[in-house]
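Coordinates as given in my_file-v1.pdb (PDB, C-alpha atoms):
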```pdb
ATOM      1  CA  MET C 267     -74.709  22.805-201.013
ATOM      2  CA  SER C 268     -72.740  25.693-199.568
ATOM      3  CA  ASP C 269     -74.198  27.670-196.695
ATOM      4  CA  THR C 270     -73.802  31.118-195.234
ATOM      5  CA  SER C 271     -73.402  31.536-191.506
ATOM      6  CA  SER C 272     -76.154  32.448-189.086
ATOM      7  CA  HIS C 273     -75.396  34.077-185.764
ATOM      8  CA  LEU C 274     -77.457  34.736-182.649
ATOM      9  CA  GLY C 275     -76.356  37.116-179.947
ATOM     10  CA  ALA C 276     -76.970  36.835-176.240
ATOM     11  CA  ALA C 277     -80.514  37.604-175.189
ATOM     12  CA  ALA C 278     -81.468  40.834-173.489
ATOM     13  CA  SER C 279     -84.471  41.193-171.263
ATOM     14  CA  LEU C 280     -87.806  41.336-173.049
ATOM     15  CA  GLU C 281     -88.446  44.836-171.741
ATOM     16  CA  GLN C 282     -85.130  46.061-173.188
ATOM     17  CA  VAL C 283     -85.906  44.494-176.557
ATOM     18  CA  SER C 284     -89.337  46.127-176.580
ATOM     19  CA  ASP C 285     -87.870  49.547-175.709
ATOM     20  CA  THR C 286     -85.179  49.262-178.381
ATOM     21  CA  PHE C 287     -87.629  48.413-181.161
ATOM     22  CA  SER C 288     -89.996  51.181-180.069
ATOM     23  CA  GLN C 289     -87.159  53.720-180.257
ATOM     24  CA  LEU C 290     -86.177  52.511-183.717
ATOM     25  CA  ALA C 291     -89.739  52.847-184.930
ATOM     26  CA  ALA C 292     -90.131  56.290-183.390
ATOM     27  CA  GLY C 293     -86.981  57.553-185.099
ATOM     28  CA  SER C 294     -87.758  56.302-188.614
ATOM     29  CA  PRO C 295     -90.090  57.607-191.318
ATOM     30  CA  ALA C 296     -93.524  56.047-191.507
ATOM     31  CA  TYR C 297     -93.918  53.030-193.734
ATOM     32  CA  ASP C 298     -95.523  53.906-197.082
ATOM     33  CA  ARG C 299     -97.230  51.023-198.896
ATOM     34  CA  ARG C 300     -97.051  52.919-202.187
ATOM     35  CA  VAL C 301     -93.288  52.406-202.411
ATOM     36  CA  ASN C 302     -93.323  48.689-201.643
ATOM     37  CA  ARG C 303     -92.402  46.955-204.887
ATOM     38  CA  TRP C 304     -93.430  43.567-203.488
ATOM     39  CA  LEU C 305     -96.979  44.673-202.737
ATOM     40  CA  ASP C 306     -97.142  46.221-206.192
ATOM     41  CA  GLU C 307     -96.105  42.912-207.706
ATOM     42  CA  ILE C 308     -98.560  40.872-205.627
ATOM     43  CA  ALA C 309    -101.361  43.137-206.874
ATOM     44  CA  THR C 310    -100.649  41.912-210.427
ATOM     45  CA  LEU C 311    -100.615  38.204-209.527
ATOM     46  CA  ASP C 312    -103.330  35.570-209.377
ATOM     47  CA  PRO C 313    -103.498  33.816-205.963
ATOM     48  CA  GLU C 314    -103.904  30.343-207.465
ATOM     49  CA  ARG C 315    -101.858  30.529-210.639
ATOM     50  CA  ASP C 316     -99.038  32.504-209.006
ATOM     51  CA  ALA C 317     -99.179  30.956-205.530
ATOM     52  CA  GLN C 318     -95.520  29.912-205.642
ATOM     53  CA  ARG C 319     -94.351  33.459-206.375
ATOM     54  CA  ILE C 320     -96.557  35.040-203.713
ATOM     55  CA  VAL C 321     -95.444  32.547-201.053
ATOM     56  CA  PHE C 322     -91.818  33.231-201.980
ATOM     57  CA  ILE C 323     -92.342  36.984-201.597
ATOM     58  CA  ASP C 324     -94.005  36.566-198.217
ATOM     59  CA  ALA C 325     -91.660  33.920-196.786
ATOM     60  CA  SER C 326     -88.383  35.385-198.048
ATOM     61  CA  LEU C 327     -88.935  39.102-198.545
ATOM     62  CA  GLU C 328     -91.912  40.517-196.672
ATOM     63  CA  PHE C 329     -92.203  38.263-193.609
ATOM     64  CA  PRO C 330     -89.178  35.936-193.270
ATOM     65  CA  TRP C 331     -88.907  36.301-189.481
ATOM     66  CA  ASP C 332     -92.646  36.105-188.912
ATOM     67  CA  THR C 333     -93.027  33.077-191.160
ATOM     68  CA  GLN C 334     -90.418  31.144-189.222
ATOM     69  CA  ARG C 335     -91.858  32.052-185.823
ATOM     70  CA  SER C 336     -95.389  31.151-186.899
ATOM     71  CA  LEU C 337     -94.322  27.740-188.199
ATOM     72  CA  GLU C 338     -92.563  27.106-184.894
ATOM     73  CA  LEU C 339     -95.913  27.694-183.193
ATOM     74  CA  ALA C 340     -97.470  25.302-185.697
ATOM     75  CA  PHE C 341     -95.123  22.594-184.389
ATOM     76  CA  TYR C 342     -96.543  23.071-180.906
ATOM     77  CA  ARG C 343    -100.095  22.674-182.132
ATOM     78  CA  THR C 344     -99.328  19.282-183.625
ATOM     79  CA  TYR C 345     -97.949  18.090-180.270
ATOM     80  CA  ALA C 346    -101.394  18.719-178.740
ATOM     81  CA  VAL C 347    -102.914  15.946-180.882
ATOM     82  CA  PRO C 348    -102.419  12.609-179.046
ATOM     83  CA  SER C 349    -101.952  10.434-182.136
ATOM     84  CA  ILE C 350     -99.346  12.804-183.571
ATOM     85  CA  ALA C 351     -97.603  13.336-180.243
ATOM     86  CA  GLU C 352     -97.315   9.615-179.552
ATOM     87  CA  LEU C 353     -95.744   9.004-182.948
ATOM     88  CA  LEU C 354     -93.279  11.887-182.671
ATOM     89  CA  ASP C 355     -92.299  10.862-179.155
ATOM     90  CA  SER C 356     -91.767   7.242-180.201
ATOM     91  CA  THR C 357     -89.081   8.211-182.734
ATOM     92  CA  GLY C 358     -86.885   9.875-180.115
ATOM     93  CA  GLU C 359     -86.008  12.538-182.690
ATOM     94  CA  PHE C 360     -87.338  15.412-180.605
ATOM     95  CA  THR C 361     -86.153  14.323-177.173
ATOM     96  CA  GLN C 362     -82.705  13.137-178.316
ATOM     97  CA  ARG C 363     -81.935  15.211-181.432
ATOM     98  CA  ALA C 364     -84.273  18.198-181.228
ATOM     99  CA  GLN C 365     -81.984  20.636-183.047
ATOM    100  CA  LYS C 366     -81.366  18.250-185.933
ATOM    101  CA  ARG C 367     -85.082  17.505-186.221
ATOM    102  CA  TYR C 368     -85.796  21.241-186.307
ATOM    103  CA  ASP C 369     -83.106  21.918-188.910
ATOM    104  CA  ASP C 370     -84.285  19.048-191.112
ATOM    105  CA  THR C 371     -87.865  20.317-191.077
ATOM    106  CA  GLN C 372     -86.847  23.920-191.675
ATOM    107  CA  ILE C 373     -84.645  23.037-194.645
ATOM    108  CA  LEU C 374     -87.226  20.792-196.308
ATOM    109  CA  ILE C 375     -90.049  23.317-195.966
ATOM    110  CA  SER C 376     -87.797  26.198-197.003
ATOM    111  CA  ALA C 377     -86.703  24.328-200.133
ATOM    112  CA  PHE C 378     -90.131  24.374-201.734
ATOM    113  CA  CYS C 379     -91.230  27.699-200.209
ATOM    114  CA  GLU C 380     -88.132  29.446-201.573
ATOM    115  CA  PHE C 381     -87.693  27.623-204.887
ATOM    116  CA  GLY C 382     -91.213  26.354-205.555
ATOM    117  CA  PHE C 383     -92.614  22.861-205.811
ATOM    118  CA  ASP C 384     -91.895  22.678-209.567
ATOM    119  CA  ASN C 385     -88.194  23.429-209.131
ATOM    120  CA  ASP C 386     -85.763  20.513-208.830
ATOM    121  CA  LEU C 387     -84.823  21.373-205.233
ATOM    122  CA  GLY C 388     -88.465  21.703-204.244
ATOM    123  CA  ARG C 389     -89.375  18.371-205.857
ATOM    124  CA  ARG C 390     -86.469  16.661-204.098
ATOM    125  CA  ALA C 391     -87.545  18.110-200.756
ATOM    126  CA  ILE C 392     -91.107  16.849-201.196
ATOM    127  CA  ARG C 393     -89.818  13.456-202.290
ATOM    128  CA  ARG C 394     -87.593  13.235-199.223
ATOM    129  CA  MET C 395     -90.445  14.314-196.965
ATOM    130  CA  ASN C 396     -92.637  11.596-198.444
ATOM    131  CA  GLN C 397     -89.927   9.008-197.935
ATOM    132  CA  ILE C 398     -89.603   9.947-194.270
ATOM    133  CA  HIS C 399     -93.344   9.935-193.645
ATOM    134  CA  GLY C 400     -93.797   6.732-195.593
ATOM    135  CA  THR C 401     -91.991   4.745-192.909
ATOM    136  CA  PHE C 402     -94.642   5.571-190.296
ATOM    137  CA  PRO C 403     -98.349   4.683-190.032
ATOM    138  CA  ILE C 404     -99.853   8.186-190.182
ATOM    139  CA  ALA C 405    -103.598   8.695-190.539
ATOM    140  CA  ASN C 406    -104.741  10.856-193.433
ATOM    141  CA  GLU C 407    -106.688  13.068-191.016
ATOM    142  CA  ASP C 408    -103.499  13.775-189.069
ATOM    143  CA  PHE C 409    -101.648  14.638-192.275
ATOM    144  CA  LEU C 410    -104.468  16.989-193.216
ATOM    145  CA  TYR C 411    -104.406  18.702-189.842
ATOM    146  CA  VAL C 412    -100.641  19.310-190.001
ATOM    147  CA  LEU C 413    -101.104  20.697-193.508
ATOM    148  CA  SER C 414    -103.799  23.061-192.219
ATOM    149  CA  THR C 415    -101.446  24.437-189.556
ATOM    150  CA  MET C 416     -98.972  25.354-192.297
ATOM    151  CA  VAL C 417    -101.716  27.443-193.889
ATOM    152  CA  PHE C 418    -103.356  29.099-190.910
ATOM    153  CA  GLU C 419    -100.652  29.613-188.293
ATOM    154  CA  PRO C 420     -98.762  32.161-190.444
ATOM    155  CA  ILE C 421    -102.054  33.907-191.178
ATOM    156  CA  ARG C 422    -103.042  34.002-187.504
ATOM    157  CA  TRP C 423     -99.581  35.156-186.450
ATOM    158  CA  ASN C 424     -99.876  37.994-188.945
ATOM    159  CA  ALA C 425    -103.255  38.995-187.500
ATOM    160  CA  ARG C 426    -101.645  39.179-184.029
ATOM    161  CA  PHE C 427     -98.213  40.542-184.818
ATOM    162  CA  GLY C 428     -97.761  41.367-188.503
ATOM    163  CA  TRP C 429     -95.968  44.596-189.392
ATOM    164  CA  ARG C 430     -98.665  44.961-192.050
ATOM    165  CA  PRO C 431    -101.837  42.940-192.590
ATOM    166  CA  LEU C 432    -101.824  40.231-195.224
ATOM    167  CA  LEU C 433    -103.791  40.930-198.365
ATOM    168  CA  HIS C 434    -106.655  38.570-199.126
ATOM    169  CA  ALA C 435    -104.675  37.428-202.161
ATOM    170  CA  GLU C 436    -101.760  36.437-199.920
ATOM    171  CA  LYS C 437    -104.026  34.357-197.683
ATOM    172  CA  LEU C 438    -105.535  32.584-200.676
ATOM    173  CA  ALA C 439    -102.113  32.009-202.221
ATOM    174  CA  THR C 440    -100.936  30.382-198.990
ATOM    175  CA  PHE C 441    -103.923  28.034-199.139
ATOM    176  CA  TYR C 442    -103.437  27.153-202.818
ATOM    177  CA  PHE C 443     -99.706  26.633-202.316
ATOM    178  CA  TRP C 444    -100.114  24.198-199.433
ATOM    179  CA  ARG C 445    -103.063  22.486-201.098
ATOM    180  CA  GLU C 446    -100.740  21.583-203.956
ATOM    181  CA  ILE C 447     -98.026  20.462-201.528
ATOM    182  CA  GLY C 448    -100.644  18.245-199.872
ATOM    183  CA  ARG C 449    -101.597  16.705-203.182
ATOM    184  CA  ARG C 450     -97.951  15.925-203.903
ATOM    185  CA  MET C 451     -97.775  14.272-200.486
ATOM    186  CA  ALA C 452    -100.728  12.088-201.508
ATOM    187  CA  ILE C 453    -102.940  13.556-198.767
ATOM    188  CA  LYS C 454    -106.556  12.738-199.530
ATOM    189  CA  GLU C 455    -109.743  14.769-199.141
ATOM    190  CA  ILE C 456    -108.065  18.177-199.050
ATOM    191  CA  PRO C 457    -110.845  20.793-199.096
ATOM    192  CA  GLU C 458    -111.143  22.771-202.295
ATOM    193  CA  ARG C 459    -111.855  26.042-200.535
ATOM    194  CA  TYR C 460    -109.973  28.129-197.980
ATOM    195  CA  GLU C 461    -112.982  28.375-195.667
ATOM    196  CA  GLU C 462    -113.514  24.612-195.658
ATOM    197  CA  LEU C 463    -109.947  23.886-194.596
ATOM    198  CA  GLU C 464    -110.146  26.548-191.906
ATOM    199  CA  ARG C 465    -113.342  24.992-190.563
ATOM    200  CA  PHE C 466    -111.676  21.578-190.520
ATOM    201  CA  ASN C 467    -108.707  23.027-188.618
ATOM    202  CA  VAL C 468    -110.858  24.637-185.930
ATOM    203  CA  GLU C 469    -113.124  21.615-185.458
ATOM    204  CA  PHE C 470    -110.199  19.193-185.396
ATOM    205  CA  GLU C 471    -108.493  21.118-182.607
ATOM    206  CA  ARG C 472    -111.699  21.390-180.602
ATOM    207  CA  GLU C 473    -112.306  17.664-180.837
ATOM    208  CA  ARG C 474    -108.775  16.277-180.669
ATOM    209  CA  PHE C 475    -106.623  18.508-178.469
ATOM    210  CA  ALA C 476    -105.815  16.613-175.266
ATOM    211  CA  TYR C 477    -102.966  16.228-172.822
ATOM    212  CA  THR C 478    -100.556  13.311-173.155
ATOM    213  CA  ASP C 479     -97.217  12.674-171.520
ATOM    214  CA  ALA C 480     -95.790  12.218-175.008
ATOM    215  CA  GLY C 481     -97.010  15.628-176.127
ATOM    216  CA  HIS C 482     -95.586  17.241-173.011
ATOM    217  CA  ARG C 483     -92.183  15.592-173.537
ATOM    218  CA  VAL C 484     -91.943  16.620-177.180
ATOM    219  CA  ALA C 485     -93.158  20.164-176.520
ATOM    220  CA  SER C 486     -90.762  20.566-173.582
ATOM    221  CA  ALA C 487     -87.818  19.333-175.649
ATOM    222  CA  THR C 488     -88.695  21.743-178.462
ATOM    223  CA  ARG C 489     -89.110  24.671-176.067
ATOM    224  CA  ASP C 490     -85.770  23.999-174.390
ATOM    225  CA  MET C 491     -84.085  23.668-177.772
ATOM    226  CA  PHE C 492     -85.287  27.182-178.665
ATOM    227  CA  LEU C 493     -83.914  28.477-175.365
ATOM    228  CA  ASP C 494     -80.541  26.823-176.040
ATOM    229  CA  TRP C 495     -80.105  29.443-178.779
ATOM    230  CA  PHE C 496     -79.854  32.080-176.028
ATOM    231  CA  PRO C 497     -77.235  30.843-173.552
ATOM    232  CA  GLY C 498     -77.434  34.090-171.577
ATOM    233  CA  LEU C 499     -81.107  33.576-170.806
ATOM    234  CA  PRO C 500     -81.778  31.147-167.937
ATOM    235  CA  LYS C 501     -84.371  28.534-168.882
ATOM    236  CA  PRO C 502     -86.560  29.275-165.824
ATOM    237  CA  VAL C 503     -86.844  32.836-167.186
ATOM    238  CA  GLY C 504     -87.247  31.909-170.849
ATOM    239  CA  ARG C 505     -89.847  29.172-170.498
ATOM    240  CA  PRO C 506     -92.661  31.453-169.257
ATOM    241  CA  LEU C 507     -91.913  33.858-172.122
ATOM    242  CA  ILE C 508     -92.544  31.121-174.675
ATOM    243  CA  HIS C 509     -95.671  30.017-172.812
ATOM    244  CA  ALA C 510     -96.926  33.607-173.019
ATOM    245  CA  LEU C 511     -97.168  33.350-176.809
ATOM    246  CA  LEU C 512     -99.332  30.198-176.710
ATOM    247  CA  ASP C 513    -103.113  30.214-176.291
ATOM    248  CA  GLU C 514    -104.744  28.640-173.259
ATOM    249  CA  PRO C 515    -106.241  25.513-174.916
ATOM    250  CA  LEU C 516    -102.807  24.747-176.329
ATOM    251  CA  LEU C 517    -101.100  25.311-172.973
ATOM    252  CA  ASP C 518    -103.555  22.917-171.323
ATOM    253  CA  ALA C 519    -103.009  20.240-173.978
ATOM    254  CA  LEU C 520     -99.224  20.509-173.596
ATOM    255  CA  GLY C 521     -99.291  20.594-169.801
ATOM    256  CA  PHE C 522     -97.630  24.008-169.664
ATOM    257  CA  PRO C 523     -98.529  26.520-166.927
ATOM    258  CA  HIS C 524    -100.554  29.592-167.829
ATOM    259  CA  PRO C 525     -98.556  32.838-167.765
ATOM    260  CA  SER C 526     -99.774  35.836-165.816
ATOM    261  CA  PRO C 527    -101.725  38.464-167.797
ATOM    262  CA  ARG C 528     -98.856  40.898-167.222
ATOM    263  CA  LEU C 529     -96.257  38.525-168.654
ATOM    264  CA  ARG C 530     -98.454  37.829-171.662
ATOM    265  CA  ARG C 531     -98.783  41.572-172.291
ATOM    266  CA  VAL C 532     -95.009  42.025-172.042
ATOM    267  CA  ALA C 533     -94.214  39.126-174.401
ATOM    268  CA  GLU C 534     -96.809  40.109-176.978
ATOM    269  CA  GLY C 535     -95.856  43.759-176.640
ATOM    270  CA  ALA C 536     -92.224  42.967-177.436
ATOM    271  CA  VAL C 537     -93.191  41.180-180.656
ATOM    272  CA  ARG C 538     -95.519  44.027-181.661
ATOM    273  CA  ALA C 539     -92.771  46.544-180.935
ATOM    274  CA  ARG C 540     -90.516  44.658-183.331
ATOM    275  CA  SER C 541     -93.264  44.833-185.947
ATOM    276  CA  ARG C 542     -93.535  48.591-185.533
ATOM    277  CA  ALA C 543     -89.801  48.882-186.111
ATOM    278  CA  VAL C 544     -89.976  46.723-189.250
ATOM    279  CA  ARG C 545     -92.895  48.798-190.535
ATOM    280  CA  ALA C 546     -90.630  51.859-190.471
ATOM    281  CA  LEU C 547     -87.925  50.214-192.594
ATOM    282  CA  PRO C 548     -87.747  50.242-196.402
ATOM    283  CA  PRO C 549     -88.835  47.054-198.216
ATOM    284  CA  ARG C 550     -86.294  44.241-198.147
ATOM    285  CA  ARG C 551     -84.230  44.104-201.334
ATOM    286  CA  ARG C 552     -82.517  40.747-200.889
ATOM    287  CA  ALA C 553     -84.429  37.552-200.182
ATOM    288  CA  ARG C 554     -83.591  35.616-197.041
ATOM    289  CA  LEU C 555     -83.011  32.060-198.207
ATOM    290  CA  ARG C 556     -82.789  29.657-195.287
ATOM    291  CA  THR C 557     -81.724  26.853-197.597
ATOM    292  CA  LEU C 558     -78.452  28.728-198.137
ATOM    293  CA  GLU C 559     -77.791  29.533-194.504
ATOM    294  CA  ARG C 560     -75.533  27.584-192.184
ATOM    295  CA  HIS C 561     -77.591  25.405-189.870
ATOM    296  CA  ARG C 562     -76.493  24.315-186.436
ATOM    297  CA  SER C 563     -76.710  20.619-187.313
ATOM    298  CA  TYR C 564     -75.006  21.022-190.705
ATOM    299  CA  ARG C 565     -72.032  23.347-190.343
ATOM    300  CA  ASP C 566     -70.443  21.880-193.478
ATOM    301  CA  GLY C 567     -73.587  21.759-195.598
ATOM    302  CA  TYR C 568     -76.202  19.099-196.233
ATOM    303  CA  LYS C 569     -77.859  16.983-198.906
ATOM    304  CA  ILE C 570     -81.636  16.961-199.187
ATOM    305  CA  GLU C 571     -81.651  13.195-199.639
ATOM    306  CA  THR C 572     -79.999  12.546-196.271
ATOM    307  CA  LEU C 573     -82.135  14.842-194.116
ATOM    308  CA  GLY C 574     -84.370  13.290-191.497
ATOM    309  CA  PRO C 575     -84.047  10.207-189.302
ATOM    310  CA  PRO C 576     -82.192   7.106-190.518
ATOM    311  CA  ASP C 577     -84.267   5.205-193.054
ATOM    312  CA  ARG C 578     -86.177   2.287-191.564
ATOM    313  CA  GLY C 579     -87.047   0.526-194.787
ATOM    314  CA  VAL C 580     -88.950   2.949-196.994
ATOM    315  CA  GLN C 581     -92.531   1.953-197.762
ATOM    316  CA  PHE C 582     -93.288   4.883-200.104
ATOM    317  CA  ASP C 583     -90.906   5.945-202.849
ATOM    318  CA  GLY C 584     -91.713   9.646-202.455
ATOM    319  CA  SER C 585     -93.225  10.098-205.909
ATOM    320  CA  ALA C 586     -96.026  12.575-206.342
ATOM    321  CA  PRO C 587     -99.399  10.994-207.134
TER     322      PRO C 587
END
```

As structure tokens, the full file:
Amino acid sequence: MSDTSSHLGAAASLEQVSDTFSQLAAGSPAYDRRVNRWLDEIATLDPERDAQRIVFIDASLEFPWDTQRSLELAFYRTYAVPSIAELLDSTGEFTQRAQKRYDDTQILISAFCEFGFDNDLGRRAIRRMNQIHGTFPIANEDFLYVLSTMVFEPIRWNARFGWRPLLHAEKLATFYFWREIGRRMAIKEIPERYEELERFNVEFERERFAYTDAGHRVASATRDMFLDWFPGLPKPVGRPLIHALLDEPLLDALGFPHPSPRLRRVAEGAVRARSRAVRALPPRRRARLRTLERHRSYRDGYKIETLGPPDRGVQFDGSAP
């Protein structure tokens, strides 16, 4: 598969970024929902029947940046669960090959979010994901929790930072989409209703979040990988900025220090300033497809079937139930 290139510039200070986005927003016309063709289309769609289309619109047209950032936060939440953290740490994928592990996960998830789970690429991505997971002893409850973070972290990010609020139909579509992904991953006992899965997610975190050395190692490796994208930003400066976007129970479970209230306000304010700038822009015309971008670990392209760690003797053939 051919890729397009992706570039990241050197990082400026968070205050400068915030000021820049605020100026952009102040100098642009106000966002008018009536001229957003994507919202108009969503209004005609059914959240369950058309979940694939709605998720595509949100992930690739309306909120591509926000979706990616929210799923990165979802990674952190899984590290706070001891059983998940111990397994991830034992593979060495995060501590030794963090960028590759990130790219593999991003490509696989993007494949079925961008092309749908009924498309050939989406089916291949789910099959490959099942093959990878099938080599490890993962409890169904842990699978279900990770699935729930894919549903609720983008929704919660939007409530904190979205350039517009999600419609109820978009929230339901996200649930129905990931419920079907879960079924194709052979996850059992997936709740039938949005509220039931949300309740499971909240109760699971309250009962299971706990500090482990494994979780701290994996979270630290992931955090430092993100900061490697910004070579001009010293890690001692960047680390507290990332911590400032994480909630206190999560910080405790990962063994990260709590940021000062002022730093939290600055970090959150910078993200909200970006959202105000985006709100002032016209609707995106061209979808952002991460499956077609050039990834740091795959400068010359990739094959879905070779993503992930080396096979260890597959126990599950990846077929949907």

Exercise. Can you tell me, as a list in words, what residues are no more than 9 Å from Ser349 of chain C when counting only C-alpha atoms, ignoring any on the same chain fewer than 3 positions away?
Worked result: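 Once the nearby chain positions are removed, what remains is Tyr345, Ala346, Glu352, Leu353, Leu354, Ile404, Ala405 and Asp408 of chain C.
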
Problem set entry | Distance in Å - atom CA of Gly498 of chain C versus atom CA of Glu559 of chain C |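 It comes out at 23.4 Å.
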
For this session: For the file shown, report as a ChimeraX atom specification the outcome of the PyMOL selection byres ((chain C and resi 464) around 10) at residue level.
Result: /C:411,414-415,417-418,441,457,459-463,465-470

Would you put the residues from that selection into a file with C-alpha atoms, as a short mmCIF file (atom, residue, chain, number, x, y, z; two decimals), in the coordinates of the input?
```cif
data_model
loop_
_atom_site.label_atom_id
_atom_site.label_comp_id
_atom_site.auth_asym_id
_atom_site.auth_seq_id
_atom_site.Cartn_x
_atom_site.Cartn_y
_atom_site.Cartn_z
CA TYR C 411 -104.41 18.70 -189.84
CA SER C 414 -103.80 23.06 -192.22
CA THR C 415 -101.45 24.44 -189.56
CA VAL C 417 -101.72 27.44 -193.89
CA PHE C 418 -103.36 29.10 -190.91
CA PHE C 441 -103.92 28.03 -199.14
CA PRO C 457 -110.84 20.79 -199.10
CA ARG C 459 -111.86 26.04 -200.54
CA TYR C 460 -109.97 28.13 -197.98
CA GLU C 461 -112.98 28.38 -195.67
CA GLU C 462 -113.51 24.61 -195.66
CA LEU C 463 -109.95 23.89 -194.60
CA ARG C 465 -113.34 24.99 -190.56
CA PHE C 466 -111.68 21.58 -190.52
CA ASN C 467 -108.71 23.03 -188.62
CA VAL C 468 -110.86 24.64 -185.93
CA GLU C 469 -113.12 21.62 -185.46
CA PHE C 470 -110.20 19.19 -185.40
#
```

Problem set entry | Near-Ile447 of chain C list (9 Å; all atoms listed in the file; drop same-chain fewer than 5 positions) as a ChimeraX atom specification | /C:378,383,392,413,442,452-453

Problem set entry | For Thr557 of chain C: contacts at 12 Å, only C-alpha atoms, fewer than 3 positions along chain excluded, given as a PyMOL selection string | chain C and resi 267-272+326+369-381+387-388+391+553-554+560-561+564+567-570

Exercise. To one decimal place, how far is atom CA of Tyr477 of chain C from atom CA of Leu520 of chain C in Å?
Worked result: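 According to the coordinates, atom CA of Tyr477 of chain C and atom CA of Leu520 of chain C are separated by 5.7 Å.
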
For this session: Between C:Ala325, C:Ile308, C:Ala351, C:Leu337, single out the one closest to Arg550 of chain C, counting only C-alpha atoms.
Result: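 The closest residue to Arg550 of chain C is C:Ala325.
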
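Between Val537 of chain C and the candidates C:Asp386, C:Asp518, C:Glu455, C:Asp332, the tightest atom-to-atom separation, counting all atoms listed in the file, involves C:Asp332.
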
Who sits within 12 Å of segment 480-484 of chain C, only C-alpha atoms, same chain under 6 positions skipped, as a PDB file with C-alpha atoms, keeping the file's coordinate frame:
```pdb
ATOM      1  CA  PHE C 341     -95.123  22.594-184.389  1.00  0.00           C
ATOM      2  CA  TYR C 342     -96.543  23.071-180.906  1.00  0.00           C
ATOM      3  CA  ARG C 343    -100.095  22.674-182.132  1.00  0.00           C
ATOM      4  CA  THR C 344     -99.328  19.282-183.625  1.00  0.00           C
ATOM      5  CA  TYR C 345     -97.949  18.090-180.270  1.00  0.00           C
ATOM      6  CA  ALA C 346    -101.394  18.719-178.740  1.00  0.00           C
ATOM      7  CA  VAL C 347    -102.914  15.946-180.882  1.00  0.00           C
ATOM      8  CA  PRO C 348    -102.419  12.609-179.046  1.00  0.00           C
ATOM      9  CA  SER C 349    -101.952  10.434-182.136  1.00  0.00           C
ATOM     10  CA  ILE C 350     -99.346  12.804-183.571  1.00  0.00           C
ATOM     11  CA  ALA C 351     -97.603  13.336-180.243  1.00  0.00           C
ATOM     12  CA  GLU C 352     -97.315   9.615-179.552  1.00  0.00           C
ATOM     13  CA  LEU C 353     -95.744   9.004-182.948  1.00  0.00           C
ATOM     14  CA  LEU C 354     -93.279  11.887-182.671  1.00  0.00           C
ATOM     15  CA  ASP C 355     -92.299  10.862-179.155  1.00  0.00           C
ATOM     16  CA  SER C 356     -91.767   7.242-180.201  1.00  0.00           C
ATOM     17  CA  THR C 357     -89.081   8.211-182.734  1.00  0.00           C
ATOM     18  CA  GLY C 358     -86.885   9.875-180.115  1.00  0.00           C
ATOM     19  CA  GLU C 359     -86.008  12.538-182.690  1.00  0.00           C
ATOM     20  CA  PHE C 360     -87.338  15.412-180.605  1.00  0.00           C
ATOM     21  CA  THR C 361     -86.153  14.323-177.173  1.00  0.00           C
ATOM     22  CA  GLN C 362     -82.705  13.137-178.316  1.00  0.00           C
ATOM     23  CA  ARG C 363     -81.935  15.211-181.432  1.00  0.00           C
ATOM     24  CA  ALA C 364     -84.273  18.198-181.228  1.00  0.00           C
ATOM     25  CA  ARG C 367     -85.082  17.505-186.221  1.00  0.00           C
ATOM     26  CA  TYR C 368     -85.796  21.241-186.307  1.00  0.00           C
ATOM     27  CA  ASP C 490     -85.770  23.999-174.390  1.00  0.00           C
ATOM     28  CA  MET C 491     -84.085  23.668-177.772  1.00  0.00           C
ATOM     29  CA  LEU C 516    -102.807  24.747-176.329  1.00  0.00           C
ATOM     30  CA  LEU C 517    -101.100  25.311-172.973  1.00  0.00           C
ATOM     31  CA  ASP C 518    -103.555  22.917-171.323  1.00  0.00           C
ATOM     32  CA  ALA C 519    -103.009  20.240-173.978  1.00  0.00           C
ATOM     33  CA  LEU C 520     -99.224  20.509-173.596  1.00  0.00           C
ATOM     34  CA  GLY C 521     -99.291  20.594-169.801  1.00  0.00           C
ATOM     35  CA  PHE C 522     -97.630  24.008-169.664  1.00  0.00           C
ATOM     36  CA  PRO C 523     -98.529  26.520-166.927  1.00  0.00           C
TER      37      PRO C 523
END
```

Problem set entry | Minimum-distance residue to Ser563 of chain C, chosen among C:Ala510, C:Ala546, C:Gln365, C:Pro575 (using all atoms listed in the file) |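 Closest candidate: C:Gln365.
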
For this session: State, in Å with one decimal place, the distance from atom CA of Met451 of chain C to atom CA of Phe402 of chain C.
Result: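 Atom CA of Phe402 of chain C lies at a distance of 13.8 Å from atom CA of Met451 of chain C.
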
For this session: May I ask which of the residues C:Leu410, C:Val544, C:Leu493, C:Ile421 is the closest one to Glu436 of chain C, counting all atoms listed in the file?
Result: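 Ranking C:Leu410, C:Val544, C:Leu493, C:Ile421 by distance to Glu436 of chain C, first place goes to C:Ile421.
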